[in-house]
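Okay, work.cif is below, mmCIF, C-alpha atoms:
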data_protein
loop_
_atom_site.label_atom_id
_atom_site.label_comp_id
_atom_site.auth_asym_id
_atom_site.auth_seq_id
_atom_site.Cartn_x
_atom_site.Cartn_y
_atom_site.Cartn_z
CA MET T 1 -12.57 22.26 -33.74
CA LYS T 2 -8.83 21.77 -33.75
CA ILE T 3 -8.22 24.78 -31.50
CA THR T 4 -10.95 23.74 -29.06
CA GLY T 5 -9.46 20.26 -28.92
CA GLY T 6 -6.00 21.68 -28.21
CA VAL T 7 -7.31 23.83 -25.37
CA LEU T 8 -9.35 20.95 -23.91
CA ILE T 9 -6.46 18.50 -24.08
CA GLY T 10 -4.21 21.18 -22.58
CA PHE T 11 -6.63 21.72 -19.70
CA ILE T 12 -6.90 17.99 -18.97
CA PHE T 13 -3.14 17.48 -19.32
CA GLY T 14 -2.50 20.46 -17.02
CA PHE T 15 -5.01 19.22 -14.45
CA VAL T 16 -3.50 15.73 -14.28
CA LEU T 17 0.02 17.16 -14.31
CA SER T 18 -0.74 19.58 -11.47
CA LEU T 19 -2.07 16.70 -9.36
CA CYS T 20 1.00 14.57 -10.09
CA LEU T 21 3.52 17.37 -9.48
CA SER T 22 1.81 18.41 -6.25
CA PHE T 23 1.83 14.81 -5.02
CA LEU T 24 5.51 14.31 -5.92
CA PHE T 25 6.48 17.59 -4.26
CA MET T 26 4.54 16.63 -1.14
CA VAL T 27 6.15 13.17 -0.99
CA ALA T 28 9.64 14.67 -1.40
CA ALA T 29 9.02 17.37 1.22
CA GLN T 30 7.61 14.92 3.76
CA GLY T 31 10.47 12.52 3.13
CA LEU T 32 13.06 15.24 3.66
CA ALA T 33 11.22 16.47 6.76
CA GLY T 34 11.60 13.08 8.39
CA GLY T 35 8.49 11.08 7.66
CA PHE T 36 5.12 10.80 6.03
CA THR T 37 2.16 12.22 7.92
CA SER T 38 -0.44 11.91 5.18
CA LEU T 39 -0.58 10.31 1.78
CA ALA T 40 -2.82 13.04 0.39
CA GLY T 41 -0.70 15.84 1.83
CA GLU T 42 -1.66 19.43 2.33
CA ARG T 43 -4.52 20.67 0.18
CA TRP T 44 -3.02 24.14 -0.21
CA ILE T 45 -0.34 22.86 -2.57
CA TYR T 46 -2.98 21.47 -4.91
CA TYR T 47 -4.75 24.84 -4.86
CA ALA T 48 -1.44 26.60 -5.54
CA THR T 49 -0.49 24.55 -8.61
CA PHE T 50 -3.83 23.91 -10.30
CA PRO T 51 -4.48 27.39 -11.80
CA PRO T 52 -1.06 28.12 -13.36
CA VAL T 53 -0.43 24.65 -14.77
CA THR T 54 -3.89 24.26 -16.34
CA ILE T 55 -3.78 27.79 -17.76
CA THR T 56 -0.28 27.24 -19.16
CA PHE T 57 -1.11 24.01 -20.96
CA SER T 58 -4.46 25.34 -22.21
CA ILE T 59 -2.64 28.29 -23.78
CA LEU T 60 0.04 25.98 -25.18
CA GLY T 61 -2.68 23.74 -26.66
CA PHE T 62 -4.18 26.79 -28.35
CA TYR T 63 -0.75 27.91 -29.57
CA PHE T 64 0.34 24.53 -30.94
CA ALA T 65 -3.00 24.00 -32.71
CA ARG T 66 -2.52 27.26 -34.64
CA GLN T 67 1.19 27.07 -35.48
CA GLU T 68 2.62 25.45 -38.58
CA ASN T 69 6.21 25.20 -37.38
CA VAL T 70 7.68 25.60 -33.91
CA SER T 71 11.45 25.63 -33.65
CA ASN T 72 13.44 24.11 -30.84
CA LYS T 73 14.54 27.62 -29.86
CA LYS T 74 10.87 28.65 -29.57
CA LEU T 75 10.13 25.59 -27.41
CA TRP T 76 12.95 26.51 -25.04
CA PHE T 77 11.65 30.08 -24.86
CA LEU T 78 8.12 28.79 -24.12
CA SER T 79 9.65 26.55 -21.45
CA LEU T 80 11.40 29.52 -19.83
CA ILE T 81 8.21 31.60 -19.77
CA SER T 82 6.11 28.66 -18.55
CA ALA T 83 8.56 27.68 -15.82
CA LEU T 84 8.84 31.25 -14.58
CA PHE T 85 5.08 31.82 -14.61
CA ASN T 86 4.27 28.53 -12.89
CA SER T 87 6.91 28.76 -10.17
CA LEU T 88 6.29 32.46 -9.56
CA TYR T 89 2.52 32.03 -9.28
CA SER T 90 2.69 28.80 -7.26
CA GLY T 91 5.29 30.17 -4.86
CA THR T 92 3.57 33.49 -4.22
CA ILE T 93 -0.08 34.11 -5.10
CA GLY T 94 -0.94 30.41 -5.28
CA ALA T 95 0.60 29.69 -1.88
CA LEU T 96 -1.28 32.61 -0.33
CA PHE T 97 -4.56 31.62 -1.99
CA GLY T 98 -4.09 27.99 -0.96
CA GLU T 99 -3.37 28.87 2.65
CA TYR T 100 -6.36 31.18 2.77
CA ALA T 101 -8.68 28.61 1.14
CA VAL T 102 -7.59 25.76 3.40
CA ARG T 103 -7.16 27.51 6.72
CA GLY T 104 -9.38 30.55 6.28
CA GLY T 105 -8.72 33.55 8.43
CA SER T 106 -6.87 36.61 7.37
CA LEU T 107 -3.80 37.31 5.32
CA ARG T 108 -2.22 39.65 7.85
CA THR T 109 1.52 39.62 8.25
CA TYR T 110 3.14 38.54 11.48
CA THR T 111 4.15 41.39 13.72
CA ALA T 112 6.09 41.74 16.95
CA SER T 113 2.78 41.69 18.81
CA GLY T 114 2.10 38.23 17.38
CA ALA T 115 -0.81 38.94 15.01
CA ALA T 116 -2.15 35.69 13.60
CA GLY T 117 -2.22 35.06 9.88
CA VAL T 118 -0.05 34.17 6.94
CA ASN T 119 3.33 35.82 6.51
CA VAL T 120 2.35 37.58 3.27
CA GLU T 121 5.51 39.64 2.94
CA GLY T 122 7.76 36.63 3.47
CA VAL T 123 5.83 34.50 1.01
CA LEU T 124 5.97 37.18 -1.70
CA ILE T 125 9.68 37.91 -1.22
CA TRP T 126 10.93 34.35 -0.85
CA GLY T 127 8.55 32.91 -3.45
CA THR T 128 9.88 35.38 -6.01
CA PHE T 129 13.46 34.70 -4.98
CA TYR T 130 13.06 30.91 -5.29
CA ALA T 131 11.24 31.22 -8.63
CA PHE T 132 14.26 32.94 -10.18
CA ILE T 133 16.95 30.92 -8.39
CA LEU T 134 15.40 27.59 -9.39
CA LEU T 135 15.07 28.45 -13.10
CA PRO T 136 18.05 26.21 -14.03
CA LEU T 137 16.02 23.27 -12.66
CA THR T 138 12.51 24.28 -13.69
CA VAL T 139 13.22 25.25 -17.31
CA PRO T 140 14.53 21.79 -18.38
CA LEU T 141 11.64 20.16 -16.52
CA ALA T 142 9.19 22.46 -18.30
CA ARG T 143 10.85 21.65 -21.64
CA LEU T 144 10.46 17.93 -20.96
CA LEU T 145 6.78 18.34 -20.02
CA ILE T 146 6.02 20.63 -22.97
CA GLY T 147 7.72 18.11 -25.28
CA ALA T 148 5.53 15.33 -23.88
CA PHE T 149 2.45 17.51 -24.31
CA PHE T 150 3.46 18.31 -27.87
CA GLU T 151 3.79 14.60 -28.65
CA LEU T 152 0.35 14.00 -27.17
CA LEU T 153 -1.11 16.69 -29.42
CA LYS T 154 0.57 15.08 -32.43
CA LYS T 155 -1.05 11.74 -31.56
CA PHE T 156 -4.45 13.40 -31.54
CA LYS T 157 -3.54 15.10 -34.84
CA ILE T 158 -4.00 18.57 -33.37
CA ALA T 159 -0.40 19.73 -33.70
CA LYS T 160 1.01 19.24 -37.17
CA CYS T 161 4.28 21.06 -36.71
CA THR T 162 7.54 19.42 -35.80
CA PRO T 163 10.07 20.90 -33.41
#
In structure tokens, what does this structure look like?
Amino acid sequence: MKITGGVLIGFIFGFVLSLCLSFLFMVAAQGLAGGFTSLAGERWIYYATFPPVTITFSILGFYFARQENVSNKKLWFLSLISALFNSLYSGTIGALFGEYAVRGGSLRTYTASGAAGVNVEGVLIWGTFYAFILLPLTVPLARLLIGAFFELLKKFKIAKCTP
């Protein structure tokens, strides 16, 4: 029961968090681009962040429900892995899946002849590049979010370990 509760709370926490992070990213991007065109933003970003964030926190809920003690060093390592997985998936596969789901069509790369589609090669290369370059920003953010999730699990008496 405890493990199921940890996974369920992780899924719900990840779902709400993915919605909030997508919205904040969209607001920041529209603000930097010069104005707000839509309050809801592009749907592809929600599709890109939902799978990795919900999977990550579901797995963390399972992990924290089974562990007796989790050290601070272990939490930082989990933050590194989580941040890398989430940013790598969201910036590459998630972006491609989101574009395909929202706009349909093909995932062909652009060529000199002007073939229509998503620039798959560019998304994969630059998404991977940004995932690694932004680790100094994403790891502390992941640590903060994992710490908040851990505290939530302690309130529900699912996690009994202390970092």
Note to self: Assuming the chain letters and numbering stay as they are in my file, what does the PyMOL selection byres ((chain T and resi 79-88) around 6) actually select? List them as a list in words.
What the structure shows: Pro52, Trp76, Phe77, Leu78, Tyr89, Ser90, Gly91, Thr128, Ala131, Thr138, Val139, Ala142 and Arg143 of chain T
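Nearest-residue note for Leu144 in chain T: choosing from T:Leu75, T:Val16, T:Gly98, T:Ala40, the minimum distance belongs to T:Leu75, counting all atoms listed in the file.
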Checklist line | Distance query 10 Å from (2.2, 14.2, -4.8) using all atoms listed in the file, result as a count of residues only | finding: 18
Notebook entry, point to check: Which of these, T:Leu96, T:Thr4, T:Phe13, T:Lys154, has the shortest distance to Thr54 in chain T once you count only C-alpha atoms?
Noted result: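 Closest to Thr54 in chain T, using only C-alpha atoms: T:Phe13.
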Checklist line | Counting all atoms listed in the file, the option among T:Leu135, T:Gly34, T:Gly6, T:Glu121 closest to Leu60 in chain T | finding: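 Smallest distance to Leu60 in chain T is found for T:Gly6.
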Item checked: Selection result for the PyMOL selection byres ((chain T and resi 64) around 9) on this file, as an NGL selection string -> :T and (3 or 6 or 59-63 or 65-70 or 150 or 153 or 158-161)
Checklist line | Option closest in space to Gly10 in chain T, from T:Lys74, T:Leu145, T:Ala48, T:Thr92 [counting all atoms listed in the file] | finding: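 Checking each candidate against Gly10 in chain T, we get T:Leu145 as the closest.
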Next item on the list: Choose the residue, out of T:Val7, T:Leu32, T:Leu141, T:Ile146, that has the smallest atom-to-atom separation from Ser58 in chain T; count only C-alpha atoms.
Entry: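 The shortest atom-to-atom distance to Ser58 in chain T comes from T:Val7.
CA of Asn119 in chain T is found 12.3 Å from CA of Phe97 in chain T.
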Check: Could you state the separation of CA of Gly31 in chain T and CA of Phe132 in chain T in Å, given to one decimal place?
Finding: 24.7 Å
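Restricting the calculation to all atoms listed in the file, the smallest distance between Lys155 in chain T and any of T:Glu99, T:Leu124, T:Gly35, T:Ile9 is found for T:Ile9.
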Build an axis-aligned box that encloses every atom of range 82-91 of chain T listed in the file, pad it by 4 Å on each side, and report its centre and edge lengths in Å to one decimal, as JSON.
{"center_x": 5.7, "center_y": 30.1, "center_z": -11.7, "size_x": 14.3, "size_y": 12.8, "size_z": 21.7}
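Picture a line from CA of Phe149 in chain T to CA of Lys73 in chain T; it runs 16.7 Å.
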